[in-house]
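Novice: Quick one, upload-v6.tsv (TSV, C-alpha atoms and all ligand atoms):
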chain	number	residue	atom	x	y	z
A	1	MET	CA	1.08	-43.06	1.19
A	2	GLU	CA	3.09	-45.38	-1.10
A	3	LYS	CA	6.78	-44.50	-1.56
A	4	LYS	CA	6.85	-41.83	-4.23
A	5	LYS	CA	9.50	-39.70	-5.91
A	6	VAL	CA	8.98	-35.98	-5.52
A	7	PHE	CA	10.72	-33.25	-7.54
A	8	ILE	CA	10.83	-29.78	-5.95
A	9	SER	CA	12.37	-26.83	-7.77
A	10	GLY	CA	13.33	-24.08	-5.34
A	11	GLY	CA	13.59	-26.74	-2.64
A	12	ALA	CA	16.30	-24.82	-0.75
A	13	GLY	CA	14.08	-21.76	-0.48
A	14	PHE	CA	11.93	-20.66	2.42
A	15	ILE	CA	8.73	-22.56	1.48
A	16	GLY	CA	10.40	-25.22	-0.69
A	17	SER	CA	12.56	-26.49	2.16
A	18	PHE	CA	9.46	-27.13	4.30
A	19	LEU	CA	7.90	-29.01	1.39
A	20	CYS	CA	11.05	-31.18	1.14
A	21	GLY	CA	10.75	-31.94	4.87
A	22	HIS	CA	7.07	-32.80	4.53
A	23	TYR	CA	7.60	-35.43	1.82
A	24	LEU	CA	10.76	-36.83	3.44
A	25	GLY	CA	8.66	-37.25	6.59
A	26	LYS	CA	6.23	-39.35	4.55
A	27	GLY	CA	9.07	-41.62	3.43
A	28	CYS	CA	9.25	-40.26	-0.12
A	29	ASP	CA	12.40	-39.78	-2.20
A	30	VAL	CA	12.84	-36.04	-2.64
A	31	TRP	CA	14.82	-34.48	-5.47
A	32	CYS	CA	15.47	-30.85	-4.69
A	33	MET	CA	16.77	-28.53	-7.41
A	34	ASP	CA	17.97	-25.04	-6.53
A	35	ASN	CA	20.57	-22.68	-7.99
A	36	LEU	CA	20.80	-20.96	-4.56
A	37	ILE	CA	20.45	-17.40	-5.89
A	38	THR	CA	17.91	-16.76	-3.16
A	39	GLY	CA	17.73	-20.19	-1.51
A	40	SER	CA	20.20	-21.40	1.09
A	41	MET	CA	21.94	-24.64	2.03
A	42	ASN	CA	21.12	-23.80	5.67
A	43	ASN	CA	17.46	-24.45	4.91
A	44	ILE	CA	18.14	-28.02	3.82
A	45	SER	CA	21.13	-28.89	6.01
A	46	ALA	CA	18.91	-31.11	8.18
A	47	HIS	CA	17.97	-33.20	5.12
A	48	LEU	CA	21.45	-33.76	3.69
A	49	ASP	CA	22.09	-36.97	5.66
A	50	ASN	CA	18.74	-38.46	4.69
A	51	PRO	CA	19.33	-41.17	2.05
A	52	GLY	CA	16.00	-40.23	0.43
A	53	PHE	CA	17.15	-36.65	-0.20
A	54	HIS	CA	18.90	-35.68	-3.43
A	55	PHE	CA	20.16	-32.14	-3.95
A	56	LEU	CA	20.92	-30.81	-7.43
A	57	LYS	CA	22.54	-27.38	-7.52
A	58	GLU	CA	21.21	-26.29	-10.86
A	59	ASP	CA	19.04	-23.64	-12.47
A	60	VAL	CA	15.75	-25.30	-13.36
A	61	VAL	CA	15.77	-23.24	-16.57
A	62	CYS	CA	18.64	-25.53	-17.70
A	63	LEU	CA	16.87	-28.72	-16.62
A	64	ASP	CA	16.93	-31.55	-19.15
A	65	PRO	CA	13.84	-33.59	-18.22
A	66	GLU	CA	15.24	-36.61	-20.11
A	67	LYS	CA	18.25	-36.77	-17.78
A	68	LEU	CA	16.17	-37.18	-14.61
A	69	PRO	CA	14.37	-40.35	-13.50
A	70	GLY	CA	11.10	-40.91	-15.37
A	71	ASP	CA	9.05	-41.99	-12.38
A	72	PHE	CA	8.36	-38.86	-10.34
A	73	GLY	CA	4.89	-38.96	-8.75
A	74	TYR	CA	4.90	-35.24	-8.02
A	75	VAL	CA	6.57	-32.22	-9.60
A	76	PHE	CA	6.43	-28.96	-7.64
A	77	HIS	CA	7.72	-25.77	-9.25
A	78	LEU	CA	8.52	-23.20	-6.55
A	79	ALA	CA	11.81	-21.79	-7.84
A	80	SER	CA	11.70	-18.00	-8.24
A	81	PRO	CA	12.90	-14.89	-6.48
A	82	ALA	CA	9.85	-13.75	-4.48
A	83	SER	CA	10.90	-10.69	-2.49
A	84	PRO	CA	10.59	-7.36	-4.37
A	85	PRO	CA	14.28	-6.40	-3.80
A	86	ASP	CA	15.26	-9.87	-5.09
A	87	TYR	CA	13.27	-9.68	-8.29
A	88	PHE	CA	14.40	-6.09	-8.84
A	89	MET	CA	17.98	-7.41	-8.59
A	90	TYR	CA	17.31	-10.52	-10.75
A	91	PRO	CA	14.77	-9.38	-13.37
A	92	MET	CA	15.86	-11.74	-16.20
A	93	GLU	CA	16.24	-14.72	-13.87
A	94	THR	CA	12.73	-14.07	-12.52
A	95	LEU	CA	11.21	-13.93	-15.99
A	96	ARG	CA	13.07	-17.03	-17.15
A	97	VAL	CA	12.39	-19.24	-14.16
A	98	ASN	CA	8.67	-18.55	-14.38
A	99	SER	CA	8.48	-18.98	-18.16
A	100	GLN	CA	11.16	-21.41	-19.41
A	101	GLY	CA	11.60	-22.92	-15.94
A	102	THR	CA	7.87	-23.60	-15.63
A	103	GLU	CA	7.77	-25.29	-19.00
A	104	LYS	CA	10.79	-27.47	-18.16
A	105	CYS	CA	9.01	-28.65	-15.01
A	106	LEU	CA	5.81	-29.27	-16.98
A	107	MET	CA	7.78	-31.36	-19.50
A	108	LEU	CA	9.21	-33.41	-16.65
A	109	ALA	CA	5.75	-33.93	-15.16
A	110	LEU	CA	4.33	-34.89	-18.57
A	111	ARG	CA	7.09	-37.43	-19.14
A	112	CYS	CA	6.40	-38.96	-15.70
A	113	LYS	CA	2.59	-38.52	-15.78
A	114	ALA	CA	3.14	-36.84	-12.42
A	115	LYS	CA	0.91	-34.52	-10.45
A	116	PHE	CA	2.17	-30.97	-11.02
A	117	LEU	CA	1.86	-27.89	-8.82
A	118	TYR	CA	2.95	-24.35	-9.65
A	119	THR	CA	3.23	-21.68	-6.97
A	120	SER	CA	1.80	-18.52	-8.42
A	121	THR	CA	1.17	-15.42	-6.38
A	122	SER	CA	-1.31	-12.78	-5.26
A	123	GLU	CA	0.86	-10.43	-7.37
A	124	VAL	CA	-1.09	-11.65	-10.42
A	125	TYR	CA	-3.85	-9.36	-9.09
A	126	GLY	CA	-1.42	-6.41	-9.29
A	127	ASP	CA	-2.69	-3.32	-7.45
A	128	PRO	CA	-6.23	-4.67	-7.11
A	129	LEU	CA	-9.29	-2.53	-7.74
A	130	ILE	CA	-11.44	-4.71	-5.47
A	131	PRO	CA	-10.86	-4.93	-1.70
A	132	VAL	CA	-10.97	-8.73	-1.42
A	133	GLN	CA	-9.47	-10.76	-4.23
A	134	ASN	CA	-11.13	-13.97	-5.41
A	135	GLU	CA	-9.81	-16.22	-8.14
A	136	GLU	CA	-12.24	-14.85	-10.73
A	137	TYR	CA	-10.59	-11.42	-10.59
A	138	TRP	CA	-8.27	-10.80	-13.56
A	139	GLY	CA	-6.15	-8.21	-11.79
A	140	ASN	CA	-4.77	-4.76	-12.38
A	141	VAL	CA	-1.14	-5.23	-13.41
A	142	ASN	CA	1.22	-2.68	-14.96
A	143	PRO	CA	2.83	-4.82	-17.69
A	144	ILE	CA	5.94	-2.64	-17.96
A	145	GLY	CA	6.34	-1.53	-14.33
A	146	VAL	CA	9.25	-2.53	-12.09
A	147	ARG	CA	7.20	-5.37	-10.57
A	148	SER	CA	6.17	-6.74	-13.96
A	149	VAL	CA	9.09	-9.18	-14.13
A	150	TYR	CA	7.44	-11.04	-11.26
A	151	ASP	CA	3.77	-10.29	-11.91
A	152	GLU	CA	3.87	-10.99	-15.63
A	153	GLY	CA	6.32	-13.86	-15.16
A	154	LYS	CA	3.83	-15.55	-12.84
A	155	ARG	CA	0.90	-14.72	-15.14
A	156	TYR	CA	2.75	-16.35	-18.04
A	157	GLY	CA	3.53	-19.29	-15.74
A	158	GLU	CA	-0.19	-19.74	-15.03
A	159	ALA	CA	-0.96	-19.57	-18.76
A	160	VAL	CA	1.55	-22.27	-19.71
A	161	VAL	CA	0.34	-24.52	-16.87
A	162	MET	CA	-3.26	-24.23	-18.09
A	163	ALA	CA	-2.10	-24.90	-21.66
A	164	TYR	CA	-0.45	-28.20	-20.59
A	165	ASN	CA	-3.60	-29.11	-18.71
A	166	ARG	CA	-5.89	-28.36	-21.65
A	167	LYS	CA	-3.70	-29.73	-24.42
A	168	TYR	CA	-2.20	-32.81	-22.73
A	169	GLY	CA	-4.58	-33.45	-19.84
A	170	LEU	CA	-1.68	-33.05	-17.37
A	171	ASP	CA	-2.82	-33.17	-13.73
A	172	THR	CA	-1.87	-29.57	-12.92
A	173	HIS	CA	-2.51	-27.41	-9.87
A	174	LEU	CA	-2.19	-23.65	-9.48
A	175	VAL	CA	-1.80	-21.90	-6.15
A	176	ARG	CA	-1.85	-18.14	-5.69
A	177	ILE	CA	0.17	-17.60	-2.53
A	178	PHE	CA	-0.50	-14.45	-0.51
A	179	ASN	CA	2.19	-12.98	1.76
A	180	THR	CA	3.69	-15.84	3.74
A	181	TYR	CA	6.22	-15.57	6.54
A	182	GLY	CA	8.00	-17.73	9.09
A	183	PRO	CA	11.30	-19.38	9.98
A	184	ARG	CA	13.86	-19.83	7.16
A	185	MET	CA	13.14	-16.50	5.50
A	186	ARG	CA	16.36	-14.57	5.07
A	187	LEU	CA	16.56	-11.91	7.76
A	188	LYS	CA	17.66	-9.44	5.11
A	189	ASP	CA	15.51	-10.57	2.17
A	190	GLY	CA	13.84	-7.16	2.15
A	191	ARG	CA	10.28	-8.26	2.83
A	192	VAL	CA	8.39	-6.44	5.50
A	193	VAL	CA	8.24	-9.15	8.18
A	194	PRO	CA	11.98	-9.96	8.28
A	195	ASN	CA	12.81	-6.26	7.79
A	196	PHE	CA	10.81	-5.24	10.85
A	197	ILE	CA	12.21	-8.11	12.92
A	198	TYR	CA	15.76	-7.21	11.89
A	199	GLN	CA	15.13	-3.56	12.72
A	200	ALA	CA	13.63	-4.39	16.12
A	201	LEU	CA	16.52	-6.76	16.92
A	202	SER	CA	19.14	-4.20	15.97
A	203	GLY	CA	17.51	-1.18	17.64
A	204	ARG	CA	16.70	0.60	14.37
A	205	PRO	CA	13.44	2.39	13.50
A	206	PHE	CA	10.98	0.59	11.21
A	207	THR	CA	11.29	1.61	7.56
A	208	ILE	CA	7.79	2.39	6.28
A	209	TYR	CA	7.37	2.86	2.54
A	210	GLY	CA	4.70	5.48	1.86
A	211	ASP	CA	2.13	6.25	4.56
A	212	GLY	CA	2.03	2.67	5.91
A	213	MET	CA	-1.73	2.45	5.35
A	214	GLN	CA	-1.32	-0.16	2.58
A	215	THR	CA	-2.56	-3.56	3.72
A	216	ARG	CA	-1.33	-7.13	3.52
A	217	SER	CA	-2.62	-10.47	4.83
A	218	PHE	CA	0.09	-12.58	6.41
A	219	CYS	CA	0.00	-16.38	6.45
A	220	TYR	CA	2.25	-18.50	8.63
A	221	VAL	CA	4.31	-20.97	6.58
A	222	GLU	CA	2.97	-24.07	8.39
A	223	ASP	CA	-0.59	-23.17	7.41
A	224	LEU	CA	0.43	-22.57	3.83
A	225	LEU	CA	2.23	-25.91	3.62
A	226	LYS	CA	-0.92	-27.79	4.62
A	227	GLY	CA	-2.83	-26.04	1.85
A	228	LEU	CA	-0.25	-26.93	-0.80
A	229	THR	CA	-0.12	-30.61	0.11
A	230	LEU	CA	-3.92	-30.88	0.25
A	231	LEU	CA	-4.43	-29.15	-3.09
A	232	VAL	CA	-2.01	-31.34	-5.06
A	233	GLU	CA	-4.18	-34.39	-4.25
A	234	LYS	CA	-7.35	-32.83	-5.68
A	235	ASP	CA	-8.78	-33.23	-9.14
A	236	TYR	CA	-9.01	-29.46	-9.59
A	237	HIS	CA	-7.00	-27.41	-12.06
A	238	PHE	CA	-8.03	-23.78	-11.70
A	239	PRO	CA	-6.18	-21.32	-9.42
A	240	VAL	CA	-6.71	-21.49	-5.68
A	241	ASN	CA	-5.87	-18.61	-3.32
A	242	LEU	CA	-3.93	-19.66	-0.23
A	243	GLY	CA	-3.38	-17.01	2.40
A	244	ASN	CA	-4.60	-15.70	5.71
A	245	PRO	CA	-7.65	-13.44	5.30
A	246	GLY	CA	-6.72	-11.31	8.34
A	247	GLU	CA	-5.89	-7.88	6.87
A	248	PHE	CA	-3.38	-5.52	8.53
A	249	THR	CA	-1.95	-2.14	7.58
A	250	ILE	CA	1.84	-2.03	7.56
A	251	MET	CA	1.60	0.43	10.50
A	252	GLU	CA	-0.42	-2.18	12.42
A	253	LEU	CA	2.23	-4.79	11.67
A	254	ALA	CA	4.91	-2.45	13.05
A	255	GLY	CA	2.79	-2.00	16.21
A	256	LEU	CA	2.50	-5.76	16.64
A	257	VAL	CA	6.26	-6.30	16.32
A	258	ASP	CA	6.82	-3.54	18.89
A	259	LYS	CA	4.26	-5.17	21.21
A	260	ILE	CA	6.09	-8.52	21.04
A	261	PHE	CA	9.46	-6.90	21.73
A	262	GLY	CA	7.91	-4.66	24.42
A	263	ARG	CA	9.51	-1.54	22.99
A	264	LYS	CA	8.87	1.49	20.79
A	265	SER	CA	11.06	1.34	17.70
A	266	GLY	CA	10.09	4.57	16.01
A	267	ILE	CA	9.36	5.00	12.32
A	268	LYS	CA	11.56	6.04	9.43
A	269	HIS	CA	9.35	7.14	6.53
A	270	MET	CA	10.64	6.24	3.07
A	271	PRO	CA	9.21	7.00	-0.39
A	272	ALA	CA	6.41	4.66	-1.51
A	273	LEU	CA	7.51	1.88	-3.87
A	274	GLU	CA	6.41	2.07	-7.51
A	275	ASP	CA	3.15	0.14	-8.16
A	276	ASP	CA	3.06	-1.07	-4.56
A	277	PRO	CA	-0.37	-2.73	-4.13
A	278	LYS	CA	-2.49	-0.69	-1.72
A	279	ARG	CA	-4.79	-3.48	-0.51
A	280	ARG	CA	-4.35	-7.20	-0.42
A	281	LYS	CA	-6.71	-9.68	1.19
A	282	PRO	CA	-7.53	-13.13	-0.12
A	283	ASP	CA	-10.99	-14.55	-0.54
A	284	ILE	CA	-10.29	-18.14	0.52
A	285	SER	CA	-13.80	-19.54	-0.02
A	286	ARG	CA	-12.53	-21.81	-2.80
A	287	ALA	CA	-9.79	-23.33	-0.62
A	288	LYS	CA	-12.24	-23.74	2.27
A	289	HIS	CA	-14.79	-25.49	0.11
A	290	LEU	CA	-12.35	-27.62	-1.89
A	291	LEU	CA	-9.80	-28.53	0.78
A	292	GLY	CA	-11.58	-27.87	4.08
A	293	TRP	CA	-8.58	-25.61	4.69
A	294	GLN	CA	-8.15	-22.35	6.51
A	295	PRO	CA	-5.19	-20.85	8.36
A	296	GLU	CA	-5.01	-21.62	12.06
A	297	ILE	CA	-2.07	-19.58	13.32
A	298	PRO	CA	-2.87	-15.95	14.19
A	299	LEU	CA	-0.39	-13.28	13.14
A	300	GLU	CA	0.87	-12.52	16.64
A	301	GLU	CA	1.56	-16.19	17.38
A	302	GLY	CA	3.30	-16.69	14.02
A	303	LEU	CA	5.41	-13.57	14.54
A	304	ARG	CA	6.49	-14.82	17.98
A	305	ARG	CA	7.62	-18.13	16.47
A	306	THR	CA	9.45	-16.34	13.66
A	307	ILE	CA	11.18	-13.97	16.07
A	308	ASP	CA	12.26	-16.94	18.23
A	309	TYR	CA	13.80	-18.54	15.12
A	310	PHE	CA	15.73	-15.42	14.19
A	311	MET	CA	16.86	-14.82	17.78
A	312	ALA	CA	18.17	-18.39	18.07
A	313	GLY	CA	20.05	-18.25	14.79
A	314	PHE	CA	21.30	-14.73	14.50
A	315	MET	CA	22.16	-13.37	17.92
A	316	LYS	CA	25.86	-13.59	18.75
A	317	PRO	CA	25.87	-15.57	22.00
A	318	GLY	CA	26.04	-13.28	25.03
A	319	SER	CA	26.63	-10.08	23.08
A	320	GLY	CA	23.08	-8.95	22.35
A	321	GLU	CA	24.26	-8.11	18.82
A	322	ILE	CA	22.91	-9.61	15.65
A	323	THR	CA	25.30	-11.18	13.20
B	1	LIG	N1	7.24	-2.42	3.34
B	1	LIG	C1	7.55	-1.38	4.21
B	1	LIG	N2	8.78	-1.40	4.82
B	1	LIG	C2	9.69	-2.38	4.59
B	1	LIG	C3	9.38	-3.42	3.70
B	1	LIG	C4	8.14	-3.41	3.07
B	1	LIG	O1	6.76	-0.47	4.45
B	1	LIG	O2	10.78	-2.32	5.19
B	1	LIG	C5	5.90	-2.46	2.73
B	1	LIG	C6	5.90	-2.56	1.21
B	1	LIG	O3	5.95	-1.27	0.63
B	1	LIG	C7	4.58	-3.28	0.95
B	1	LIG	C8	4.40	-4.16	2.18
B	1	LIG	O4	5.25	-3.62	3.18
B	1	LIG	O5	3.53	-2.36	0.89
B	1	LIG	C9	4.75	-5.62	1.93
B	1	LIG	O6	6.01	-5.66	1.33
B	1	LIG	P1	6.80	-7.00	1.08
B	1	LIG	O7	8.07	-6.62	0.42
B	1	LIG	O8	6.87	-7.81	2.31
B	1	LIG	O9	5.89	-7.86	0.08
B	1	LIG	P2	4.92	-7.53	-1.15
B	1	LIG	O10	3.58	-7.87	-0.62
B	1	LIG	O11	5.02	-6.09	-1.53
B	1	LIG	O12	5.38	-8.44	-2.20
Render the structure in this file as structure tokens.
Specialist:
Amino acid sequence: MEKKKVFISGGAGFIGSFLCGHYLGKGCDVWCMDNLITGSMNNISAHLDNPGFHFLKEDVVCLDPEKLPGDFGYVFHLASPASPPDYFMYPMETLRVNSQGTEKCLMLALRCKAKFLYTSTSEVYGDPLIPVQNEEYWGNVNPIGVRSVYDEGKRYGEAVVMAYNRKYGLDTHLVRIFNTYGPRMRLKDGRVVPNFIYQALSGRPFTIYGDGMQTRSFCYVEDLLKGLTLLVEKDYHFPVNLGNPGEFTIMELAGLVDKIFGRKSGIKHMPALEDDPKRRKPDISRAKHLLGWQPEIPLEEGLRRTIDYFMAGFMKPGSGEIT
């Protein structure tokens, strides 16, 4: 790959920081923009000494595309709160980064004639009325519910990306990411995988919202990353689901975490969340056909790697306590 400049909004986030590492590894210059409301300098600390890495602590909503270099080869827009407790806490920021922030990134890509990729989400399907979601499904979203800041923000983001593709012929790419997990998530970001790991590490019972029979499909971050970097090279502009089609109830996930820790944590039942999707499972036929991609890391293996990461980083040495 020739030396290219890559712009990544949300580059200090969980997935964004792996994307930075990927392109640095290919010898590219990486410009990472993040306002750190949910991202973390820890995620990019390994890159800071790399002369090809440029960090801009800035909200992408305030980006002036004219003030950045005009020769980016790739523009990736990942910046956004993604965990439900985060977007409940930052509703305006979530709406803005997916609307105004997306358009700022599109303007930058247009100026540079760059390849553009926007990370949308399975949340555009809302609480789906079909058991397996393919890209043709238009979704079942409550436009004024508590999750709408994220769901509708991402739906608007998809619309503006398609508009730039249709009106200006920009080389855009849309990914709908299903639940992804792995190292560099925040242990207390509120999502189910880190929550359960935190609870198991600290000897607490698992918090289960509702009856725990709702399902999710969990994709390990390394698998997801491969899908993103393959898709951006393709001449294909419609949405592509990326996720692991293995479907688990939240109770089953709790059982798996217990199995790995070799203990019985117990369950603390909590009220169901408003508009919490009851079933989520991606149809990944499009990604398979287009990219020859499918996830390779089974949930148990990915959970073990994630738990190892959290244990290494968060246990106070010798004390058995988590920090
Ligand atoms: N969940 C749960 N206990 C928790 C955290 C989440 O039962 O401590 C449930 C949540 O209600 C949802 C699923 O796990 O049904 C996945 O939640 P998460 O926040 O990870 O992501 P979502 O897919 O809802 O965006």
Novice: Just checking: using only C-alpha atoms, which residue out of A:Met33, A:Val192, A:Leu230, A:Ala109 ends up closest to Thr215 of chain A?
Specialist: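 Between A:Met33, A:Val192, A:Leu230, A:Ala109, the residue approaching Thr215 of chain A most closely is A:Val192.
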Novice: So that each row is one residue of chain A with an atom at most 6 Å from ligand LIG 1 (chain B), can you give its shortest atom pair and the distance in Å to one decimal, using only C-alpha atoms and all ligand atoms, rows by chain and rising number, as CSV?
Specialist:
residue,atom,partner,partner_atom,distance
A:Ser83,CA,B:LIG1,O7,5.7
A:Pro84,CA,B:LIG1,O7,5.5
A:Asn179,CA,B:LIG1,O10,5.8
A:Arg191,CA,B:LIG1,O8,3.5
A:Val192,CA,B:LIG1,C3,3.7
A:Asn195,CA,B:LIG1,O2,5.1
A:Thr207,CA,B:LIG1,O2,4.6
A:Ile208,CA,B:LIG1,O1,3.5
A:Tyr209,CA,B:LIG1,O1,3.9
A:Gly212,CA,B:LIG1,O1,5.9
A:Gln214,CA,B:LIG1,O5,5.6
A:Ile250,CA,B:LIG1,O4,5.8
A:Leu273,CA,B:LIG1,O3,5.7
A:Asp276,CA,B:LIG1,O5,5.6
Novice: Export, as a short mmCIF file (atom, residue, chain, number, x, y, z; two decimals), keeping the file's coordinate frame, the selected residues with C-alpha atoms.
Specialist:
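See selection-v4.cif below for the written result:
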data_model
loop_
_atom_site.label_atom_id
_atom_site.label_comp_id
_atom_site.auth_asym_id
_atom_site.auth_seq_id
_atom_site.Cartn_x
_atom_site.Cartn_y
_atom_site.Cartn_z
CA SER A 83 10.90 -10.69 -2.49
CA PRO A 84 10.59 -7.36 -4.37
CA ASN A 179 2.19 -12.98 1.76
CA ARG A 191 10.28 -8.26 2.83
CA VAL A 192 8.39 -6.44 5.50
CA ASN A 195 12.81 -6.26 7.79
CA THR A 207 11.29 1.61 7.56
CA ILE A 208 7.79 2.39 6.28
CA TYR A 209 7.37 2.86 2.54
CA GLY A 212 2.03 2.67 5.91
CA GLN A 214 -1.32 -0.16 2.58
CA ILE A 250 1.84 -2.03 7.56
CA LEU A 273 7.51 1.88 -3.87
CA ASP A 276 3.06 -1.07 -4.56
#
Novice: If you measure from atom CA of Ile197 of chain A to atom CA of Arg304 of chain A, what distance in Å do you get, rounded to one decimal?
Specialist: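 Taking atom CA of Ile197 of chain A and atom CA of Arg304 of chain A, their separation equals 10.2 Å.
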Novice: Can you list, as number ranges by chain, every protein, DNA or RNA residue that comes within 7 Å of Phe206 of chain A when you count only C-alpha atoms, leaving out same-chain residues fewer than 4 positions away?
Specialist: A: 196, 199, 265-268
Novice: Per residue of segment 18-94 of chain A within 8 Å of segment 143-149 of chain A, what are the shortest atom pair and its distance in Å to one decimal, counting all atoms listed in the file, with rows by chain and residue number, as JSON lines?
Specialist:
{"residue": "A:Pro84", "atom": "CA", "partner": "A:Arg147", "partner_atom": "CA", "distance": 7.3}
{"residue": "A:Tyr87", "atom": "CA", "partner": "A:Val149", "partner_atom": "CA", "distance": 7.2}
{"residue": "A:Phe88", "atom": "CA", "partner": "A:Val146", "partner_atom": "CA", "distance": 7.1}
{"residue": "A:Pro91", "atom": "CA", "partner": "A:Val149", "partner_atom": "CA", "distance": 5.7}
{"residue": "A:Met92", "atom": "CA", "partner": "A:Val149", "partner_atom": "CA", "distance": 7.5}
{"residue": "A:Thr94", "atom": "CA", "partner": "A:Val149", "partner_atom": "CA", "distance": 6.3}
Novice: Okay, now the selection with C-alpha atoms, as a PDB file, keeping the file's coordinate frame?
Specialist:
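To be explicit, this is the file written out as again_30.pdb:
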ATOM      1  CA  PRO A  84      10.590  -7.360  -4.370  1.00  0.00           C
ATOM      2  CA  TYR A  87      13.270  -9.680  -8.290  1.00  0.00           C
ATOM      3  CA  PHE A  88      14.400  -6.090  -8.840  1.00  0.00           C
ATOM      4  CA  PRO A  91      14.770  -9.380 -13.370  1.00  0.00           C
ATOM      5  CA  MET A  92      15.860 -11.740 -16.200  1.00  0.00           C
ATOM      6  CA  THR A  94      12.730 -14.070 -12.520  1.00  0.00           C
TER       7      THR A  94
END
Novice: Please provide as a PyMOL selection string all residues within 9 Å of segment 151-159 of chain A, with the sequence filter that same-chain residues fewer than 5 positions apart are discarded (counting only C-alpha atoms).
Specialist: chain A and resi 94-103+118-126+141-144+164+174+239
Novice: Identify which of the residues A:Leu253, A:Ile284, A:Val6, A:Ala272 lies closest to His22 of chain A, counting all atoms listed in the file when measuring atom-to-atom distances.
Specialist: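 Closest candidate: A:Val6.
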Novice: Go ahead and find all residues with at least one atom no further than 9 Å from (-14.1, -19.2, -3.5) in the file's coordinates, using only C-alpha atoms; report them as a PyMOL selection string.
Specialist: chain A and resi 134-136+240-241+283-290
Novice: Which is closer to His237 of chain A than all the others in A:Phe53, A:Trp138, A:Phe310, A:Phe116, using all atoms listed in the file?
Specialist: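 Between A:Phe53, A:Trp138, A:Phe310, A:Phe116, the residue approaching His237 of chain A most closely is A:Phe116.
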Novice: Which residue out of A:Thr172, A:Ser9, A:Ser45, A:Asn165 has the minimum interatomic distance to Leu231 of chain A when all atoms listed in the file are used?
Specialist: A:Thr172
Novice: Measuring between all atoms listed in the file, which one of A:Lys281, A:His173, A:Arg216, A:Arg111 shows the shortest distance to His77 of chain A?
Specialist: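 For His77 of chain A, the nearest of the candidates is A:His173.
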Novice: Just the number, please: distance in Å from atom CA of Asp189 of chain A to atom CA of Ala254 of chain A, one decimal.
Specialist: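 According to the coordinates, atom CA of Asp189 of chain A and atom CA of Ala254 of chain A are separated by 17.2 Å.
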Novice: Rounded to one decimal, what separation in Å do you get between atom CA of His47 of chain A and atom CA of Asp223 of chain A?
Specialist: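 Computed distance, atom CA of His47 of chain A to atom CA of Asp223 of chain A, equals 21.2 Å.
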Novice: From the options A:Arg184, A:Lys115, A:Lys104, A:Arg263, which residue's atoms come nearest to Glu66 of chain A, counting all atoms listed in the file?
Specialist: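 When distances to Glu66 of chain A are compared using all atoms listed in the file, the smallest one comes from A:Lys104.
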Novice: Please tell me which residues are no farther than 8 Å from (16.9, -19.9, -6.1) in the file, counting only C-alpha atoms, and write them as a list in words.
Specialist: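 So the residues meeting the distance criterion are Gly10, Ala12, Gly13, Asp34, Asn35, Leu36, Ile37, Thr38, Gly39, Asp59, Ala79, Ser80 and Pro81 of chain A.
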Novice: Would you write out those residues with C-alpha atoms, as a JSON list (two decimals), in the coordinates of the input?
Specialist:
[["chain", "number", "residue", "atom", "x", "y", "z"],
["A", 10, "GLY", "CA", 13.33, -24.08, -5.34],
["A", 12, "ALA", "CA", 16.30, -24.82, -0.75],
["A", 13, "GLY", "CA", 14.08, -21.76, -0.48],
["A", 34, "ASP", "CA", 17.97, -25.04, -6.53],
["A", 35, "ASN", "CA", 20.57, -22.68, -7.99],
["A", 36, "LEU", "CA", 20.80, -20.96, -4.56],
["A", 37, "ILE", "CA", 20.45, -17.40, -5.89],
["A", 38, "THR", "CA", 17.91, -16.76, -3.16],
["A", 39, "GLY", "CA", 17.73, -20.19, -1.51],
["A", 59, "ASP", "CA", 19.04, -23.64, -12.47],
["A", 79, "ALA", "CA", 11.81, -21.79, -7.84],
["A", 80, "SER", "CA", 11.70, -18.00, -8.24],
["A", 81, "PRO", "CA", 12.90, -14.89, -6.48]]
Novice: As a compact mmCIF listing (two decimals), in the frame of the given file, could you write out segment 4-11 of chain A once it has been completed with N, CA and C atoms?
Specialist:
# COMPACT_ATOMS: atom_id res chain seq x y z
N LYS A 4 6.91 -42.55 -2.95
CA LYS A 4 6.85 -41.83 -4.23
C LYS A 4 8.11 -40.99 -4.38
N LYS A 5 8.41 -40.64 -5.65
CA LYS A 5 9.50 -39.70 -5.91
C LYS A 5 8.90 -38.33 -6.12
N VAL A 6 9.51 -37.35 -5.47
CA VAL A 6 8.98 -35.98 -5.52
C VAL A 6 10.08 -35.06 -6.02
N PHE A 7 9.77 -34.25 -7.03
CA PHE A 7 10.72 -33.25 -7.54
C PHE A 7 10.25 -31.88 -7.06
N ILE A 8 11.19 -31.12 -6.46
CA ILE A 8 10.83 -29.78 -5.95
C ILE A 8 11.86 -28.77 -6.45
N SER A 9 11.44 -27.91 -7.38
CA SER A 9 12.37 -26.83 -7.77
C SER A 9 12.24 -25.72 -6.72
N GLY A 10 13.35 -25.09 -6.41
CA GLY A 10 13.33 -24.08 -5.34
C GLY A 10 13.25 -24.74 -3.96
N GLY A 11 13.71 -25.97 -3.88
CA GLY A 11 13.59 -26.74 -2.64
C GLY A 11 14.48 -26.25 -1.51
